[in-house]
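Peer 1: Attaching a single structure in structure tokens format; questions to follow.
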Amino acid sequence: MTDVSLPTTRSSNPFAGLMSGTVGPVVVVVSAILAIWYMAAVALNTPFQQEIYERASQTDVPLSQLVTDTLAQERPVLPAPHQVVVEIWNTTVEKKITSKRSLIFHSGITLSSTLLGFLIGTTLGILLAIGIVHSRVLDKSLMPWIISSQTIPILAIAPMIIVVLNAVGISGLLPKALISTYLSFFPVAVGMVKGLRSPEVIHMDLVHTYSASRVQAFWKLRLPYAVPFLFTSMKIGMAASLVGAIVGELPTGAVAGLGARLLAGSYYGQTIQIWSALLMAAFLAGSLVALIGVLEKQTLKRMGMAR
Amino acid sequence: MTALASAKDTGTVEQTTSASPKRVIDIDNLSLTFETNDGPVHALADIDLKIDEGDFVSFIGPSGCGKTTLLRVIADLERPTAGSITVNGVSPEEARLNRAYGYVFQAAALYPWRTIAKNVALPLEIMGLPKAEQQDRIARNMDLVNLSGFEKKFPWQLSGGMQQRASIARALAVEPDLLLMDEPFGALDEIVRDHLNEQLLQLWAKTNKTVVFVTHSIPEAVFLSSKIVVLCPRPGRIYDVIDSDLPRERNLDIRETPEFLKIAHRVRDGLRAGHSYED
């Protein structure tokens, strides 16, 4: 009896199909964002559009005309999604990679300092965590500095790093990468301290009964326990690295990189250019974090941690 | 009948041939006091205990009587605050560094990301044994606890009893003469526990190791032990030491015999007398 009534209540919801699986919900959320974006674009661009109509002495413009015009301005307050997509298409597929107008060229520059900074930051974070876990003195002396380092606004300290390093003759990729390092070492250090301390007391006792040295306890117990923590903090560190690289490109005089595109765009009111650089940065961050996710899955599977 | 008689015979033969068995653990006037925020806690007070080679000694007592703490002192996981203790004639720390004992914890404490064989291999890796020797010991000790064929399984694929057997194999792989077991079967159901008790006795008979076994089950203590140490709490001290006259080779049926019940009765009396019921 019950197994007959159950399907009928289920199928009574016409949107049930949308909510099952992953495609449905994703499509729903993306379309909602696009709808809100379009409505906001029309609303925000209308005042300027009406000024144009006034200057041209156009009156009684139909609403459909107004909507089309607000979504096709050259320098809109908020560009419409399709304008951004066209801009991205034009500056990636249509341009040579070596061109200064190619978004891929700029992304590549930002990516290289992001990755270098992330690499240095992750290494530094792991080394700091190892020191902190094994030495009470380092724990007491380093931890407050590590935490307070993150309270300084990166926008304030980034130009200082660039200027100081330039004064000692270091310029180019490394100063920008160091700003990424500054942001990305923190989550890794904190995450790894937590991870290296996560083995249960019983496991620590166990390796103690085997008279394992600290080095053996580290390799056989602490490090494997910390691996899931490492990947989680690496994901945060990677996103922070990208922010650091973009911020690092702002005070360099906006020569190249996604940060430079943002700065140049805001100088000349090129909002479409800004938004396309923003979307590109978001896409880059998403791909990098996803890449770490794949790496995480592979590693945990190999270690026997994934079921 | 004849089996019991012959078992008794071998027991007496052993006693006569090994007139002065090697002293494995010698505890003299040992005390341990934990300093806590609420003042000192006397976990152990004035413990005197001698354990000889081949003994199966059970520590039994209510929670908080210090039986686990005493075992941890032997294993150098806790340091006594007064008195002396030697393991194999040396300090517990030296004994630990010599890998004189294998320790079985209340929980199996297997690494979840290692297969059973890899878990058994852990102490061997730390000892730095050659690969061939490791393989040999893994196979031998997994066979000893009847886990052959489960080498490639992960801990979560095994039942609680099998996990605990794997942890015993891991302790045995060190090939110690002394086995320290801290309520190893406490978390298991009665049927599995009975079965593992029988297996443990067979193992003890086969290997002639010295075993120190912490439990709070009277039947378990009486069934397994050649010597039962009854502890009582506040402060943790020894109330009674009972030398069991049960034959070395026994099976579960022995629990119905009057000799068994007599010892169990004495243990229960000791626990009752030693336990202060003020709370």
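Ordered as shown in the structure tokens, chains take letters A, B, and onward, while each chain numbers its residues from 1 and ligands are numbered from 1 in the order shown.
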Could you please tell me, as a PyMOL selection string, which residues of chain A have an atom within 12 Å of chain B when using only C-alpha atoms?
Peer 2: chain A and resi 199-222+224-225+227-228+299-307
Peer 1: Export C-alpha atoms of the chosen residues as a PDB file, in the first residue's frame?
Peer 2:
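Saved to again-v6.pdb:
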ATOM      1  CA  PRO A 199      47.985  11.894  16.427  1.00  0.00           C
ATOM      2  CA  GLU A 200      46.093  10.418  19.353  1.00  0.00           C
ATOM      3  CA  VAL A 201      47.864   9.929  22.686  1.00  0.00           C
ATOM      4  CA  ILE A 202      47.592   6.169  22.292  1.00  0.00           C
ATOM      5  CA  HIS A 203      49.509   6.329  19.002  1.00  0.00           C
ATOM      6  CA  MET A 204      52.199   8.525  20.523  1.00  0.00           C
ATOM      7  CA  ASP A 205      52.479   6.048  23.419  1.00  0.00           C
ATOM      8  CA  LEU A 206      52.688   3.233  20.900  1.00  0.00           C
ATOM      9  CA  VAL A 207      55.714   4.600  19.059  1.00  0.00           C
ATOM     10  CA  HIS A 208      57.194   5.467  22.464  1.00  0.00           C
ATOM     11  CA  THR A 209      57.032   1.801  23.491  1.00  0.00           C
ATOM     12  CA  TYR A 210      58.926   0.993  20.290  1.00  0.00           C
ATOM     13  CA  SER A 211      61.635   3.450  21.374  1.00  0.00           C
ATOM     14  CA  ALA A 212      61.159   5.342  18.140  1.00  0.00           C
ATOM     15  CA  SER A 213      63.342   8.416  17.729  1.00  0.00           C
ATOM     16  CA  ARG A 214      61.710  11.813  17.172  1.00  0.00           C
ATOM     17  CA  VAL A 215      62.649  11.612  13.517  1.00  0.00           C
ATOM     18  CA  GLN A 216      60.994   8.181  13.207  1.00  0.00           C
ATOM     19  CA  ALA A 217      57.925   9.373  15.097  1.00  0.00           C
ATOM     20  CA  PHE A 218      57.757  12.280  12.672  1.00  0.00           C
ATOM     21  CA  TRP A 219      57.958  10.218   9.495  1.00  0.00           C
ATOM     22  CA  LYS A 220      55.939   7.236  10.662  1.00  0.00           C
ATOM     23  CA  LEU A 221      53.246   8.966  12.679  1.00  0.00           C
ATOM     24  CA  ARG A 222      53.075  12.769  12.682  1.00  0.00           C
ATOM     25  CA  PRO A 224      51.003  10.870   7.711  1.00  0.00           C
ATOM     26  CA  TYR A 225      48.503  12.229  10.223  1.00  0.00           C
ATOM     27  CA  VAL A 227      48.708  15.078   5.266  1.00  0.00           C
ATOM     28  CA  PRO A 228      44.931  15.736   5.106  1.00  0.00           C
ATOM     29  CA  THR A 299      47.725  11.060  -2.510  1.00  0.00           C
ATOM     30  CA  LEU A 300      45.207   9.947   0.112  1.00  0.00           C
ATOM     31  CA  LYS A 301      44.230   7.002  -2.078  1.00  0.00           C
ATOM     32  CA  ARG A 302      47.858   6.024  -2.435  1.00  0.00           C
ATOM     33  CA  MET A 303      48.432   6.306   1.313  1.00  0.00           C
ATOM     34  CA  GLY A 304      45.380   4.148   1.966  1.00  0.00           C
ATOM     35  CA  MET A 305      43.543   6.965   3.753  1.00  0.00           C
ATOM     36  CA  ALA A 306      40.678   7.216   1.275  1.00  0.00           C
ATOM     37  CA  ARG A 307      38.106   4.476   1.616  1.00  0.00           C
TER      38      ARG A 307
END
Peer 1: Name the residues of range 107-158 of chain B that fall into helix (DSSP H, G or I) according to DSSP on the backbone, using the chain letters and numbers of this document, as a list in words.
Peer 2: Ile116, Ala117, Lys118, Asn119, Val120, Ala121, Leu122, Pro123, Leu124, Glu125, Ile126, Met127, Lys131, Ala132, Glu133, Gln134, Gln135, Asp136, Arg137, Ile138, Ala139, Arg140, Asn141, Met142, Asp143, Leu144, Pro155, Trp156 and Gln157 of chain B
Peer 1: Please identify which residues in range 47-154 of chain B DSSP calls strand (DSSP E) from the backbone, and express them as a list in words.
Peer 2: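 Of range 47-154 of chain B, only Ile47, Asp48, Leu49, Lys50, Ile51, Asp52, Phe56, Val57, Ser58, Phe59, Ile60, Ala82, Gly83, Ser84, Ile85, Thr86, Val87, Tyr101, Gly102, Tyr103 and Val104 of chain B fall in strand (DSSP E).
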Peer 1: Give me the residues within 9 Å of Leu258 in chain A as a list in words, counting only C-alpha atoms and dropping any in the same chain fewer than 3 places off.
Peer 2: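 Counting only the stated atoms, we get Leu103, His106, Ser107, Gly108, Ile109, Thr110, Ala245, Ile246, Glu249, Arg261, Leu262, Leu263, Ala277, Leu278, Met280 and Ala281 of chain A.
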Peer 1: Now that the selection is made, can you save its residues with N, CA and C atoms as a short mmCIF file (atom, residue, chain, number, x, y, z; two decimals), in the first residue's frame?
Peer 2:
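Written out: again.cif:
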data_model
loop_
_atom_site.label_atom_id
_atom_site.label_comp_id
_atom_site.auth_asym_id
_atom_site.auth_seq_id
_atom_site.Cartn_x
_atom_site.Cartn_y
_atom_site.Cartn_z
N LEU A 103 44.83 38.35 -22.48
CA LEU A 103 44.56 38.07 -21.07
C LEU A 103 45.34 36.84 -20.62
N HIS A 106 48.78 37.97 -19.54
CA HIS A 106 48.77 38.55 -18.20
C HIS A 106 48.52 37.49 -17.13
N SER A 107 47.61 36.57 -17.43
CA SER A 107 47.33 35.49 -16.48
C SER A 107 48.58 34.67 -16.21
N GLY A 108 49.34 34.42 -17.28
CA GLY A 108 50.57 33.63 -17.16
C GLY A 108 51.55 34.30 -16.21
N ILE A 109 51.67 35.63 -16.33
CA ILE A 109 52.59 36.35 -15.45
C ILE A 109 52.15 36.27 -14.00
N THR A 110 50.84 36.48 -13.78
CA THR A 110 50.32 36.38 -12.41
C THR A 110 50.47 34.95 -11.89
N ALA A 245 49.70 37.83 -5.35
CA ALA A 245 50.35 38.14 -6.63
C ALA A 245 49.67 39.33 -7.30
N ILE A 246 48.33 39.36 -7.25
CA ILE A 246 47.60 40.47 -7.88
C ILE A 246 47.90 41.78 -7.15
N GLU A 249 51.18 43.22 -7.97
CA GLU A 249 51.32 43.83 -9.29
C GLU A 249 50.85 45.28 -9.31
N ARG A 261 46.17 44.71 -15.23
CA ARG A 261 44.94 44.88 -16.03
C ARG A 261 43.86 45.57 -15.20
N LEU A 262 43.76 45.17 -13.91
CA LEU A 262 42.77 45.77 -13.03
C LEU A 262 43.06 47.26 -12.85
N LEU A 263 44.34 47.56 -12.62
CA LEU A 263 44.73 48.94 -12.37
C LEU A 263 44.52 49.80 -13.61
N ALA A 277 39.16 40.68 -16.16
CA ALA A 277 40.34 40.28 -15.38
C ALA A 277 39.92 39.61 -14.07
N LEU A 278 38.87 40.14 -13.46
CA LEU A 278 38.36 39.56 -12.21
C LEU A 278 37.89 38.12 -12.43
N MET A 280 38.75 36.15 -14.77
CA MET A 280 39.90 35.32 -15.10
C MET A 280 40.63 34.90 -13.82
N ALA A 281 40.79 35.86 -12.89
CA ALA A 281 41.45 35.56 -11.61
C ALA A 281 40.66 34.50 -10.84
#
Peer 1: Figure out the distance between CA of Glu51 in chain A and CA of Ala72 in chain A, please, to one decimal in Å.
Peer 2: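 Taking CA of Ala72 in chain A and CA of Glu51 in chain A, their separation equals 15.1 Å.
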Peer 1: One decimal, in Å: what's the spacing between CA of Glu151 in chain B and CA of Ala117 in chain B?
Peer 2: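 Taking CA of Glu151 in chain B and CA of Ala117 in chain B, their separation equals 4.6 Å.
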